[in-house]
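Peer 1: Below is the file protein.cif, which contains mmCIF, C-alpha atoms.
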```cif
data_input
loop_
_atom_site.label_atom_id
_atom_site.label_comp_id
_atom_site.auth_asym_id
_atom_site.auth_seq_id
_atom_site.Cartn_x
_atom_site.Cartn_y
_atom_site.Cartn_z
CA MET A 916 40.03 -15.43 -6.92
CA SER A 917 42.75 -14.65 -4.39
CA PHE A 918 42.92 -16.37 -1.02
CA LEU A 919 41.67 -13.26 0.80
CA CYS A 920 38.80 -12.96 -1.65
CA VAL A 921 37.76 -16.55 -0.94
CA LEU A 922 37.98 -15.97 2.81
CA GLY A 923 35.85 -12.85 2.50
CA LEU A 924 33.23 -14.72 0.47
CA ILE A 925 33.12 -17.57 2.99
CA TYR A 926 32.71 -15.12 5.85
CA GLY A 927 29.96 -13.23 4.02
CA VAL A 928 27.98 -16.43 3.51
CA LEU A 929 28.56 -17.90 6.97
CA SER A 930 27.77 -14.65 8.79
CA ALA A 931 24.42 -14.40 6.98
CA ALA A 932 23.62 -18.06 7.67
CA LEU A 933 24.59 -17.74 11.34
CA CYS A 934 22.60 -14.56 11.94
CA GLY A 935 19.54 -16.10 10.28
CA PHE A 936 20.00 -19.33 12.22
CA PHE A 937 19.98 -17.40 15.51
CA ALA A 938 16.88 -15.43 14.46
CA VAL A 939 14.92 -18.51 13.30
CA SER A 940 15.96 -20.57 16.33
CA VAL A 941 14.77 -17.87 18.72
CA CYS A 942 11.50 -17.47 16.81
CA ALA A 943 10.73 -21.19 16.34
CA LYS A 944 12.46 -23.03 19.17
CA ASP A 945 10.95 -26.47 18.49
CA LEU A 946 11.78 -26.53 14.78
CA ASP A 947 14.03 -29.36 13.59
CA LEU A 948 17.66 -28.46 12.89
CA PRO A 949 17.57 -28.98 9.07
CA PHE A 950 14.71 -26.47 8.80
CA LYS A 951 16.54 -24.04 11.09
CA ILE A 952 19.60 -24.12 8.84
CA ILE A 953 17.68 -23.72 5.56
CA PHE A 954 15.29 -21.07 6.90
CA GLY A 955 18.17 -19.37 8.69
CA THR A 956 20.29 -19.06 5.55
CA CYS A 957 17.38 -17.49 3.67
CA ALA A 958 16.46 -15.21 6.57
CA GLY A 959 20.07 -14.13 7.12
CA PHE A 960 20.58 -12.98 3.55
CA GLY A 961 17.22 -11.22 3.70
CA ILE A 962 18.00 -9.41 6.95
CA PHE A 963 21.43 -8.31 5.78
CA SER A 964 20.12 -7.10 2.39
CA ILE A 965 17.63 -4.89 4.24
CA LEU A 966 20.36 -3.66 6.60
CA TYR A 967 22.59 -2.90 3.61
CA PHE A 968 19.78 -0.89 1.99
CA ILE A 969 19.01 1.05 5.18
CA LEU A 970 22.64 2.10 5.62
CA LYS A 971 22.73 3.15 1.97
CA VAL A 972 19.67 5.34 2.56
CA PHE A 973 21.52 7.06 5.39
CA ASN A 974 24.51 7.56 3.05
CA ILE A 975 26.86 5.56 5.25
CA GLU A 976 29.60 4.79 2.74
CA ASN A 977 32.13 3.15 5.04
CA PHE A 978 31.63 -0.60 4.73
CA GLY A 979 33.32 -1.03 8.10
CA VAL A 980 30.26 0.61 9.69
CA TYR A 981 28.07 -1.94 7.95
CA VAL A 982 30.26 -4.80 9.21
CA PHE A 983 30.01 -3.41 12.73
CA CYS A 984 26.19 -3.31 12.46
CA GLU A 985 26.19 -6.91 11.20
CA ILE A 986 28.36 -8.08 14.09
CA ALA A 987 26.25 -6.14 16.59
CA LEU A 988 23.04 -7.71 15.25
CA MET A 989 24.61 -11.17 15.33
CA GLY A 990 25.77 -10.50 18.87
CA VAL A 991 22.28 -9.55 20.06
CA LEU A 992 20.60 -12.52 18.36
CA GLY A 993 23.41 -14.85 19.45
CA GLY A 994 23.06 -13.66 23.04
CA ILE A 995 19.33 -14.39 23.01
CA PHE A 996 20.01 -17.77 21.38
CA PHE A 997 22.54 -18.88 23.99
CA ALA A 998 20.38 -17.54 26.82
CA LYS A 999 17.52 -19.77 25.61
CA ARG A 1000 19.62 -22.66 24.23
CA GLN A 1001 18.11 -25.18 26.66
CA GLU A 1002 14.66 -24.48 25.17
CA ILE A 1003 15.83 -24.76 21.54
CA ASN A 1004 15.71 -28.02 19.61
CA LEU A 1005 19.16 -28.75 18.14
CA LYS A 1006 18.77 -32.49 17.46
CA THR A 1007 20.54 -33.78 14.35
CA ASP A 1008 18.47 -36.94 13.82
CA GLY A 1009 16.63 -35.50 10.81
CA PHE A 1010 19.73 -35.23 8.61
CA LYS A 1011 19.58 -38.77 7.19
CA ILE A 1012 19.44 -38.51 3.39
CA SER A 1013 19.02 -41.35 0.87
CA LYS A 1014 21.95 -42.09 -1.45
CA PRO A 1015 19.93 -41.79 -4.72
CA PHE A 1016 18.88 -38.30 -3.66
CA LEU A 1017 22.49 -37.34 -2.91
CA PHE A 1018 23.48 -38.65 -6.35
CA ALA A 1019 20.75 -36.51 -7.91
CA ILE A 1020 22.05 -33.48 -6.00
CA LEU A 1021 25.60 -34.10 -7.26
CA LEU A 1022 24.46 -34.51 -10.86
CA GLY A 1023 22.25 -31.43 -10.59
CA PHE A 1024 25.18 -29.44 -9.23
CA LEU A 1025 27.32 -30.43 -12.23
CA ILE A 1026 24.55 -29.32 -14.61
CA TYR A 1027 24.27 -26.05 -12.70
CA MET A 1028 28.04 -25.43 -12.85
CA LYS A 1029 28.16 -26.21 -16.58
CA TYR A 1030 25.65 -23.44 -17.24
CA PHE A 1031 27.47 -21.04 -14.92
CA ILE A 1032 30.82 -21.66 -16.62
CA ILE A 1033 29.27 -20.96 -20.01
CA ASN A 1034 27.44 -17.86 -18.73
CA ALA A 1035 29.66 -16.52 -15.95
CA LEU A 1036 28.01 -13.08 -16.03
CA GLY A 1037 24.53 -14.57 -15.83
CA SER A 1038 21.60 -14.45 -18.18
CA TRP A 1039 20.52 -11.30 -20.00
CA ASP A 1040 18.06 -10.44 -17.23
CA GLY A 1041 20.56 -11.39 -14.54
CA PHE A 1042 23.20 -9.06 -15.93
CA ARG A 1043 20.92 -6.27 -17.18
CA ILE A 1044 18.54 -5.98 -14.25
CA PHE A 1045 20.13 -7.36 -11.09
CA GLY A 1046 23.86 -7.36 -11.83
CA ILE A 1047 23.89 -3.72 -12.95
CA LYS A 1048 21.87 -2.64 -9.90
CA ALA A 1049 24.33 -4.48 -7.68
CA ARG A 1050 27.22 -2.63 -9.35
CA PHE A 1051 25.54 0.72 -8.71
CA LEU A 1052 25.12 -0.20 -5.04
CA TYR A 1053 28.72 -1.39 -4.82
CA GLU A 1054 30.55 1.23 -6.89
CA MET A 1055 28.45 4.41 -6.95
CA SER A 1056 28.48 5.55 -3.30
CA PRO A 1057 27.45 8.22 -2.41
CA ASN A 1058 25.58 8.51 -5.73
CA TRP A 1059 24.04 5.04 -5.52
CA GLN A 1060 20.51 6.40 -6.02
CA ARG A 1061 21.37 6.95 -9.67
CA VAL A 1062 20.43 3.28 -9.99
CA PHE A 1063 16.84 4.52 -10.25
CA GLU A 1064 17.80 6.60 -13.31
CA LEU A 1065 18.89 3.65 -15.43
CA PRO A 1066 17.39 4.10 -18.91
CA HIS A 1067 14.68 1.99 -20.52
CA PHE A 1068 11.68 0.55 -18.74
CA MET A 1069 13.04 -3.01 -19.13
CA MET A 1070 15.66 -2.21 -16.50
CA HIS A 1071 12.78 -2.54 -13.99
CA ASN A 1072 14.08 0.14 -11.67
CA ASP A 1073 11.08 -0.54 -9.41
CA TYR A 1074 12.36 -4.02 -8.47
CA PRO A 1075 13.38 -4.20 -4.78
CA PHE A 1076 16.91 -4.98 -3.63
CA PHE A 1077 17.06 -8.47 -2.09
CA VAL A 1078 19.19 -9.88 -4.92
CA PRO A 1079 21.25 -6.77 -5.86
CA ALA A 1080 22.02 -5.92 -2.22
CA SER A 1081 23.05 -9.53 -1.53
CA PHE A 1082 25.41 -9.45 -4.51
CA ALA A 1083 26.89 -6.08 -3.52
CA ARG A 1084 27.34 -7.16 0.09
CA LEU A 1085 29.29 -10.27 -0.94
CA TRP A 1086 31.38 -8.19 -3.35
CA HIS A 1087 32.37 -5.91 -0.49
CA TYR A 1088 33.57 -8.92 1.48
CA CYS A 1089 35.41 -10.29 -1.58
CA GLY A 1090 37.03 -6.95 -2.29
CA GLY A 1091 35.76 -6.84 -5.87
CA ALA A 1092 32.78 -7.53 -8.14
CA VAL A 1093 33.61 -11.18 -8.83
CA CYS A 1094 31.01 -13.33 -10.56
CA ASP A 1095 31.71 -16.22 -8.16
CA ALA A 1096 29.96 -14.32 -5.35
CA ALA A 1097 26.72 -14.05 -7.33
CA ASN A 1098 27.12 -17.70 -8.29
CA ILE A 1099 27.41 -18.79 -4.65
CA PHE A 1100 24.20 -16.92 -3.87
CA GLY A 1101 22.51 -18.73 -6.76
CA ILE A 1102 23.77 -22.12 -5.56
CA ILE A 1103 22.44 -21.44 -2.06
CA CYS A 1104 18.95 -20.46 -3.29
CA THR A 1105 18.72 -23.26 -5.87
CA PHE A 1106 19.81 -26.21 -3.76
CA SER A 1107 18.32 -24.92 -0.51
CA ALA A 1108 14.95 -25.11 -2.28
CA VAL A 1109 15.69 -28.71 -3.26
CA PHE A 1110 16.70 -29.69 0.28
CA LEU A 1111 13.68 -27.90 1.74
CA ILE A 1112 11.36 -29.90 -0.56
CA TYR A 1113 13.09 -33.06 0.66
CA PHE A 1114 12.89 -32.33 4.38
CA ALA A 1115 9.35 -30.95 4.18
CA LEU A 1116 7.93 -33.95 2.29
CA LYS A 1117 9.93 -36.30 4.48
CA ARG A 1118 8.30 -34.73 7.54
CA PHE A 1119 4.77 -34.37 6.21
CA LYS A 1120 4.58 -37.35 3.85
CA SER A 1121 7.19 -40.10 3.46
CA ARG A 1122 10.91 -40.54 2.81
CA LYS A 1123 10.45 -42.11 -0.63
CA ILE A 1124 8.11 -39.41 -1.91
CA ALA A 1125 10.49 -36.78 -0.52
CA ALA A 1126 13.51 -38.33 -2.28
CA LEU A 1127 11.66 -38.76 -5.59
CA PHE A 1128 10.13 -35.29 -5.75
CA ALA A 1129 13.26 -33.49 -4.55
CA SER A 1130 15.44 -35.47 -6.99
CA ILE A 1131 13.24 -34.52 -9.93
CA LEU A 1132 13.51 -30.85 -8.97
CA ALA A 1133 17.28 -31.23 -8.49
CA LEU A 1134 17.61 -32.55 -12.05
CA CYS A 1135 15.14 -30.20 -13.76
CA PRO A 1136 17.27 -28.39 -16.39
CA ILE A 1137 15.23 -25.17 -16.57
CA PHE A 1138 15.28 -24.87 -12.77
CA LEU A 1139 19.06 -25.33 -12.64
CA THR A 1140 19.90 -23.02 -15.54
CA ASN A 1141 17.74 -20.25 -14.11
CA GLY A 1142 19.34 -20.79 -10.70
CA ALA A 1143 22.70 -20.06 -12.32
CA SER A 1144 21.34 -17.09 -14.27
CA GLN A 1145 21.98 -14.57 -11.42
CA ALA A 1146 18.40 -13.34 -11.78
CA ALA A 1147 15.69 -13.32 -9.09
CA ASP A 1148 13.25 -16.02 -10.16
CA ILE A 1149 14.86 -18.88 -8.23
CA PRO A 1150 15.48 -16.76 -5.09
CA ILE A 1151 11.81 -15.75 -5.12
CA ALA A 1152 10.82 -19.40 -5.66
CA PHE A 1153 12.91 -20.31 -2.62
CA VAL A 1154 11.37 -17.72 -0.30
CA ASN A 1155 7.86 -18.60 -1.54
CA LEU A 1156 8.58 -22.23 -0.67
CA CYS A 1157 9.83 -21.22 2.80
CA ALA A 1158 6.57 -19.36 3.40
CA GLY A 1159 4.56 -22.39 2.28
CA VAL A 1160 6.43 -24.75 4.60
CA CYS A 1161 5.89 -22.33 7.49
CA LEU A 1162 2.15 -22.57 6.83
CA LEU A 1163 2.35 -26.35 7.17
CA LEU A 1164 4.38 -26.06 10.35
CA PHE A 1165 1.81 -23.70 11.86
CA PHE A 1166 -0.98 -26.21 11.40
CA GLU A 1167 1.19 -29.02 12.74
CA ASN A 1168 2.25 -27.17 15.90
CA LYS A 1169 -0.41 -24.45 16.28
CA ASN A 1170 2.46 -22.12 17.14
CA ILE A 1171 1.92 -18.52 16.07
CA SER A 1172 5.70 -18.15 15.60
CA TYR A 1173 5.32 -19.91 12.25
CA VAL A 1174 2.80 -17.32 11.09
CA ILE A 1175 5.33 -14.61 11.93
CA LEU A 1176 8.11 -16.55 10.19
CA GLY A 1177 5.94 -17.30 7.15
CA THR A 1178 4.93 -13.65 6.83
CA PHE A 1179 8.60 -12.69 7.03
CA PHE A 1180 9.45 -14.99 4.12
CA ALA A 1181 6.45 -13.73 2.15
CA GLY A 1182 7.77 -10.23 2.85
CA LEU A 1183 11.17 -11.27 1.49
CA SER A 1184 9.37 -12.40 -1.65
CA ALA A 1185 8.01 -8.86 -1.99
CA TRP A 1186 11.52 -7.53 -1.32
CA THR A 1187 12.76 -9.58 -4.30
CA LYS A 1188 10.43 -8.78 -7.24
CA ASN A 1189 7.12 -7.10 -7.91
CA GLU A 1190 5.47 -10.51 -8.30
CA GLY A 1191 6.47 -11.14 -4.71
CA MET A 1192 4.27 -8.27 -3.61
CA MET A 1193 1.35 -10.17 -5.05
CA PHE A 1194 2.50 -13.29 -3.20
CA LEU A 1195 2.70 -11.34 0.07
CA LEU A 1196 -0.85 -10.03 -0.35
CA VAL A 1197 -2.23 -13.45 -1.34
CA TYR A 1198 -0.39 -15.25 1.48
CA CYS A 1199 -1.62 -12.85 4.15
CA ALA A 1200 -5.14 -12.70 2.69
CA VAL A 1201 -5.48 -16.51 2.75
CA PHE A 1202 -4.16 -16.70 6.31
CA CYS A 1203 -6.42 -13.83 7.35
CA GLY A 1204 -9.44 -15.51 5.76
CA TYR A 1205 -8.74 -18.67 7.72
CA PHE A 1206 -8.35 -16.76 10.99
CA LEU A 1207 -11.57 -14.87 10.33
CA TYR A 1208 -13.37 -18.16 9.70
CA LYS A 1209 -12.01 -19.52 12.99
CA ARG A 1210 -12.61 -16.19 14.78
CA GLU A 1211 -8.99 -16.09 15.95
CA TRP A 1212 -8.74 -12.33 16.37
CA LYS A 1213 -5.42 -12.41 18.20
CA ASN A 1214 -3.78 -14.26 15.31
CA ILE A 1215 -5.15 -11.71 12.84
CA PHE A 1216 -3.57 -8.92 14.88
CA ILE A 1217 -0.22 -10.78 14.97
CA LEU A 1218 -0.42 -11.41 11.22
CA PHE A 1219 -0.94 -7.72 10.46
CA ALA A 1220 1.72 -6.69 12.96
CA SER A 1221 4.15 -9.02 11.15
CA LEU A 1222 3.14 -7.47 7.83
CA LEU A 1223 3.67 -3.84 8.88
CA PRO A 1224 7.51 -3.71 8.74
CA PHE A 1225 7.58 -4.93 5.15
CA THR A 1226 4.71 -2.62 4.22
CA ALA A 1227 6.77 0.32 5.51
CA LEU A 1228 9.97 -0.94 3.85
CA LEU A 1229 8.35 -1.49 0.46
CA GLY A 1230 6.39 1.76 0.64
CA PHE A 1231 9.58 3.70 1.33
CA PHE A 1232 11.46 1.86 -1.42
CA LYS A 1233 8.75 2.60 -4.00
CA HIS A 1234 8.77 6.24 -2.93
CA LEU A 1235 12.54 6.37 -3.29
CA ALA A 1236 12.58 4.57 -6.64
CA HIS A 1237 9.77 6.73 -8.00
CA THR A 1238 9.55 4.45 -11.04
CA PRO A 1239 6.15 3.53 -12.48
CA ASN A 1240 5.34 -0.13 -12.96
CA ASP A 1241 4.79 -0.97 -16.62
CA VAL A 1242 1.61 -3.01 -16.04
CA ILE A 1243 0.01 -0.39 -13.77
CA LEU A 1244 1.07 2.36 -16.17
CA GLY A 1245 -0.56 0.40 -18.96
CA ILE A 1246 -3.83 0.14 -17.05
CA THR A 1247 -3.96 3.82 -16.09
CA THR A 1248 -2.56 5.35 -19.29
CA LEU A 1249 -3.08 2.89 -22.13
CA LYS A 1250 -6.38 1.53 -20.78
CA THR A 1251 -5.23 -2.07 -21.10
CA TYR A 1252 -8.26 -3.15 -19.06
CA ASP A 1253 -9.98 -3.30 -22.45
CA HIS A 1254 -7.99 -6.51 -23.04
CA ILE A 1255 -10.44 -8.29 -20.74
CA PHE A 1256 -12.88 -8.33 -23.66
CA GLU A 1257 -10.43 -9.89 -26.15
CA PRO A 1258 -10.84 -13.72 -26.18
CA ALA A 1259 -7.79 -14.11 -28.43
CA LYS A 1260 -5.52 -12.99 -25.57
CA TYR A 1261 -7.00 -15.64 -23.23
CA ILE A 1262 -6.36 -18.32 -25.83
CA LEU A 1263 -2.78 -17.15 -26.46
CA ILE A 1264 -1.89 -17.14 -22.75
CA VAL A 1265 -3.27 -20.65 -22.17
CA LYS A 1266 -1.73 -21.97 -25.38
CA THR A 1267 1.72 -20.58 -24.54
CA ALA A 1268 1.55 -21.87 -20.95
CA LEU A 1269 0.70 -25.39 -22.14
CA PHE A 1270 3.42 -25.27 -24.80
CA MET A 1271 6.05 -24.30 -22.23
CA LEU A 1272 4.80 -26.89 -19.77
CA PHE A 1273 5.20 -29.69 -22.32
CA THR A 1274 8.51 -28.49 -23.77
CA ARG A 1275 10.54 -26.69 -21.09
CA PHE A 1276 9.11 -28.43 -18.03
CA SER A 1277 8.69 -31.90 -19.54
CA MET A 1278 10.82 -33.57 -16.87
CA LEU A 1279 8.20 -32.69 -14.27
CA PHE A 1280 5.83 -35.21 -15.83
CA LEU A 1281 7.85 -37.84 -13.96
CA LEU A 1282 5.94 -36.61 -10.91
CA LEU A 1283 2.87 -38.28 -12.39
CA ILE A 1284 4.38 -41.74 -11.85
CA PRO A 1285 3.59 -41.87 -8.09
CA ALA A 1286 0.23 -40.26 -8.88
CA CYS A 1287 -0.82 -43.58 -10.43
CA ALA A 1288 -1.38 -44.75 -6.84
CA GLY A 1289 -4.05 -42.09 -6.46
CA PHE A 1290 -4.45 -39.12 -4.17
CA CYS A 1291 -5.09 -38.88 -0.47
CA VAL A 1292 -4.72 -36.08 2.09
CA LYS A 1293 -4.34 -36.80 5.78
CA ASN A 1294 -7.16 -35.43 7.89
CA GLU A 1295 -4.82 -33.21 9.89
CA GLN A 1296 -3.38 -31.78 6.65
CA LYS A 1297 -6.64 -30.98 4.86
CA ALA A 1298 -6.80 -27.39 6.12
CA PRO A 1299 -3.17 -26.45 5.30
CA VAL A 1300 -3.29 -28.23 1.94
CA ALA A 1301 -6.49 -26.32 1.11
CA LEU A 1302 -4.81 -23.02 2.02
CA LEU A 1303 -1.70 -23.89 0.00
CA ALA A 1304 -3.92 -24.79 -2.95
CA GLY A 1305 -5.76 -21.50 -2.50
CA ILE A 1306 -2.49 -19.55 -2.53
CA PHE A 1307 -1.32 -21.39 -5.65
CA ALA A 1308 -4.63 -20.86 -7.47
CA LEU A 1309 -4.77 -17.16 -6.62
CA MET A 1310 -1.17 -16.67 -7.74
CA CYS A 1311 -1.94 -18.38 -11.06
CA CYS A 1312 -4.95 -16.09 -11.50
CA GLY A 1313 -2.78 -13.08 -10.64
CA TYR A 1314 -0.10 -14.06 -13.17
CA PHE A 1315 -2.78 -14.63 -15.80
CA LEU A 1316 -4.25 -11.19 -15.13
CA ILE A 1317 -0.83 -9.53 -15.39
CA TYR A 1318 -0.34 -10.95 -18.87
CA LEU A 1319 -3.90 -10.15 -19.87
CA LEU A 1320 -3.40 -6.49 -18.89
CA SER A 1321 0.14 -6.26 -20.27
CA PRO A 1322 0.87 -3.09 -22.29
CA HIS A 1323 3.50 -4.99 -24.31
CA ASP A 1324 3.11 -7.21 -27.34
CA LEU A 1325 1.58 -10.26 -25.68
CA SER A 1326 3.41 -12.89 -27.75
CA TRP A 1327 6.76 -11.25 -27.02
CA HIS A 1328 5.92 -10.83 -23.33
CA LEU A 1329 4.90 -14.48 -22.93
CA ASP A 1330 7.84 -15.89 -24.90
CA ASN A 1331 10.38 -13.91 -22.89
CA SER A 1332 9.04 -14.29 -19.36
CA LEU A 1333 6.35 -16.93 -18.86
CA ASP A 1334 8.75 -19.81 -18.24
CA ARG A 1335 10.52 -17.78 -15.53
CA ILE A 1336 7.19 -16.79 -13.99
CA MET A 1337 6.22 -20.47 -13.87
CA LEU A 1338 9.49 -21.19 -12.03
CA GLN A 1339 8.56 -18.79 -9.23
CA MET A 1340 5.84 -21.16 -7.98
CA LEU A 1341 7.44 -24.42 -9.14
CA PRO A 1342 8.92 -25.64 -5.81
CA PHE A 1343 5.72 -24.49 -4.06
CA SER A 1344 3.59 -26.53 -6.48
CA ILE A 1345 5.85 -29.60 -6.14
CA LEU A 1346 5.44 -29.43 -2.37
CA LEU A 1347 1.67 -29.16 -2.76
CA PHE A 1348 1.53 -32.05 -5.24
CA GLY A 1349 3.67 -34.24 -2.98
CA LEU A 1350 1.31 -33.65 -0.07
CA VAL A 1351 -1.73 -34.98 -1.94
CA ILE A 1352 -0.12 -38.16 -3.35
CA ARG A 1353 -1.36 -41.39 -1.78
CA GLU A 1354 1.55 -42.67 0.29
CA ASN A 1355 0.56 -46.14 1.44
CA ARG A 1356 1.68 -47.69 -1.86
CA THR A 1357 4.92 -45.72 -2.14
CA LYS A 1358 6.41 -46.10 1.32
#
```
As structure tokens, how would this structure be written, given the file I've shared?

Peer 2:
Amino acid sequence: MSFLCVLGLIYGVLSAALCGFFAVSVCAKDLDLPFKIIFGTCAGFGIFSILYFILKVFNIENFGVYVFCEIALMGVLGGIFFAKRQEINLKTDGFKISKPFLFAILLGFLIYMKYFIINALGSWDGFRIFGIKARFLYEMSPNWQRVFELPHFMMHNDYPFFVPASFARLWHYCGGAVCDAANIFGIICTFSAVFLIYFALKRFKSRKIAALFASILALCPIFLTNGASQAADIPIAFVNLCAGVCLLLFFENKNISYVILGTFFAGLSAWTKNEGMMFLLVYCAVFCGYFLYKREWKNIFILFASLLPFTALLGFFKHLAHTPNDVILGITTLKTYDHIFEPAKYILIVKTALFMLFTRFSMLFLLLIPACAGFCVKNEQKAPVALLAGIFALMCCGYFLIYLLSPHDLSWHLDNSLDRIMLQMLPFSILLFGLVIRENRTK
């Protein structure tokens, strides 16, 4: 890449991180700085991908107009941030990281880069689904909506634009569709998830458990290779994890800002892939169930108010895409609900899931080592851990149902997607598992 291309890429990343940092800091003033940076980076890319899509809808082709809107939004959020800076926690004490964990990060990064160098254009799904959509957004103005006319149902034209819009936005700043921009986005999502696991478990459990669990994720080959694939499974895993951590923070601080922030990240999950829409519904339903149980009507109202913008965004996107979902089409047209009465499909799904767990996710069995000490949940964490477990269980049931009702050949569908589906909840499940490990013998 040329020097100007590198500068453009750096600006594109830093502007997103800065805008998100301002937004998160204003929303959650007491949050520790490491969380503000990680959440802010995720939120910034999400906000700017939505802004990019909105300007596309209005057929604003001049990228300079988009840059002006970005700067204006950063200016507004930055003004609010500096006006309230005395109320915002900016302490840096929480940045201490153990050396073994840093070594694991370095080694994981080398594994990641090896895969990227071998597959610079990304995996088949990364190139075919998300890379091509990004090129339509970047190159086809004012005819960008032809992206929804891409042939073959496996193009998944109904997938939202978090990843493609983020790629296209960085390409505009680079001045060309360079693969390094998509790679940088993958690095951010992959290793931000690792650092978030570390800081979350360090805060809610212990430093040693945090270092061990985050290191195992940082060295998990299937997690790293999919992070470099330029597809959406690791980005959606990252935003799902952000939503889960926000749930924990809400119960720790009883601050409704974390419900708003968590719903935003769950909304970004829906803005990434169709599976994220299921996560958004499950996340809000679990929170709503808890608030109903506690009779906290005001929080229910705030939860639904936080959900409305993404409901409108996704509804408009689906209307614009006008592309039927293959699973829903199978249910309505091919009557795949009859599969519910076929025991062989249940057996095949469970068998394939176990096979992949023991072959492609075998490194995760190292997490069982600290489990030898037993399990224990702190009294103050029992409610959030129960809700996180409920979210995880409902998501697993939802994934199972999707495969059960699949209109495709089930063996082919499982072999080509189940491992990536499992990755979407992997960091979330590692966080949950770390919270229930007994810590008094591992400190």

Peer 1: For the structure provided, state which residues fall under the PyMOL selection byres ((chain A and resi 920) around 12), and present them as a PyMOL selection string.

Peer 2: chain A and resi 916-919+921-927+1085-1096

Peer 1: Taking all atoms listed in the file into account, produce a table as JSON lines in which each residue of range 982-1040 of chain A with an atom at most 12 Å from an atom of range 1133-1148 of chain A appears once, together with its shortest atom pair and the distance in Å to one decimal, ordered by chain and rising number.

Peer 2:
```
{"residue": "A:Pro1015", "atom": "CA", "partner": "A:Ala1133", "partner_atom": "CA", "distance": 11.5}
{"residue": "A:Phe1016", "atom": "CA", "partner": "A:Ala1133", "partner_atom": "CA", "distance": 8.7}
{"residue": "A:Leu1017", "atom": "CA", "partner": "A:Ala1133", "partner_atom": "CA", "distance": 9.8}
{"residue": "A:Phe1018", "atom": "CA", "partner": "A:Ala1133", "partner_atom": "CA", "distance": 9.9}
{"residue": "A:Ala1019", "atom": "CA", "partner": "A:Ala1133", "partner_atom": "CA", "distance": 6.3}
{"residue": "A:Ile1020", "atom": "CA", "partner": "A:Ala1133", "partner_atom": "CA", "distance": 5.8}
{"residue": "A:Leu1021", "atom": "CA", "partner": "A:Ala1133", "partner_atom": "CA", "distance": 8.9}
{"residue": "A:Leu1022", "atom": "CA", "partner": "A:Leu1134", "partner_atom": "CA", "distance": 7.2}
{"residue": "A:Gly1023", "atom": "CA", "partner": "A:Leu1134", "partner_atom": "CA", "distance": 5.0}
{"residue": "A:Phe1024", "atom": "CA", "partner": "A:Leu1139", "partner_atom": "CA", "distance": 8.1}
{"residue": "A:Leu1025", "atom": "CA", "partner": "A:Leu1139", "partner_atom": "CA", "distance": 9.7}
{"residue": "A:Ile1026", "atom": "CA", "partner": "A:Leu1139", "partner_atom": "CA", "distance": 7.1}
{"residue": "A:Tyr1027", "atom": "CA", "partner": "A:Leu1139", "partner_atom": "CA", "distance": 5.3}
{"residue": "A:Met1028", "atom": "CA", "partner": "A:Ala1143", "partner_atom": "CA", "distance": 7.6}
{"residue": "A:Lys1029", "atom": "CA", "partner": "A:Thr1140", "partner_atom": "CA", "distance": 8.9}
{"residue": "A:Tyr1030", "atom": "CA", "partner": "A:Thr1140", "partner_atom": "CA", "distance": 6.0}
{"residue": "A:Phe1031", "atom": "CA", "partner": "A:Ala1143", "partner_atom": "CA", "distance": 5.5}
{"residue": "A:Ile1032", "atom": "CA", "partner": "A:Ala1143", "partner_atom": "CA", "distance": 9.3}
{"residue": "A:Ile1033", "atom": "CA", "partner": "A:Ala1143", "partner_atom": "CA", "distance": 10.2}
{"residue": "A:Asn1034", "atom": "CA", "partner": "A:Ser1144", "partner_atom": "CA", "distance": 7.6}
{"residue": "A:Ala1035", "atom": "CA", "partner": "A:Ser1144", "partner_atom": "CA", "distance": 8.5}
{"residue": "A:Leu1036", "atom": "CA", "partner": "A:Gln1145", "partner_atom": "CA", "distance": 7.7}
{"residue": "A:Gly1037", "atom": "CA", "partner": "A:Ser1144", "partner_atom": "CA", "distance": 4.4}
{"residue": "A:Ser1038", "atom": "CA", "partner": "A:Ser1144", "partner_atom": "CA", "distance": 4.7}
{"residue": "A:Trp1039", "atom": "CA", "partner": "A:Ser1144", "partner_atom": "CA", "distance": 8.2}
{"residue": "A:Asp1040", "atom": "CA", "partner": "A:Ala1146", "partner_atom": "CA", "distance": 6.2}
```

Peer 1: Measuring between all atoms listed in the file, which one of A:Ile1336, A:Ala1108, A:Leu946, A:Ala1152 shows the shortest distance to Leu1272 in chain A?

Peer 2: A:Ile1336

Peer 1: Apply the PyMOL selection byres ((chain A and resi 1213-1230) around 8) to the file shown and report the selected residues as JSON, numbers by chain.

Peer 2: {"A": [1075, 1171, 1174, 1175, 1178, 1179, 1182, 1185, 1186, 1199, 1203, 1206, 1207, 1211, 1212, 1231, 1232, 1233, 1234]}

Peer 1: What lies within 9 Å of Ala1268 in chain A using only C-alpha atoms, ignoring chain neighbours under 2 positions off, as a PDB file with C-alpha atoms, in the frame of the given file?

Peer 2:
```
ATOM      1  CA  LEU A1263      -2.780 -17.150 -26.460  1.00  0.00           C
ATOM      2  CA  ILE A1264      -1.890 -17.140 -22.750  1.00  0.00           C
ATOM      3  CA  VAL A1265      -3.270 -20.650 -22.170  1.00  0.00           C
ATOM      4  CA  LYS A1266      -1.730 -21.970 -25.380  1.00  0.00           C
ATOM      5  CA  PHE A1270       3.420 -25.270 -24.800  1.00  0.00           C
ATOM      6  CA  MET A1271       6.050 -24.300 -22.230  1.00  0.00           C
ATOM      7  CA  LEU A1272       4.800 -26.890 -19.770  1.00  0.00           C
ATOM      8  CA  PHE A1273       5.200 -29.690 -22.320  1.00  0.00           C
ATOM      9  CA  LEU A1329       4.900 -14.480 -22.930  1.00  0.00           C
ATOM     10  CA  LEU A1333       6.350 -16.930 -18.860  1.00  0.00           C
ATOM     11  CA  ASP A1334       8.750 -19.810 -18.240  1.00  0.00           C
ATOM     12  CA  MET A1337       6.220 -20.470 -13.870  1.00  0.00           C
TER      13      MET A1337
END
```
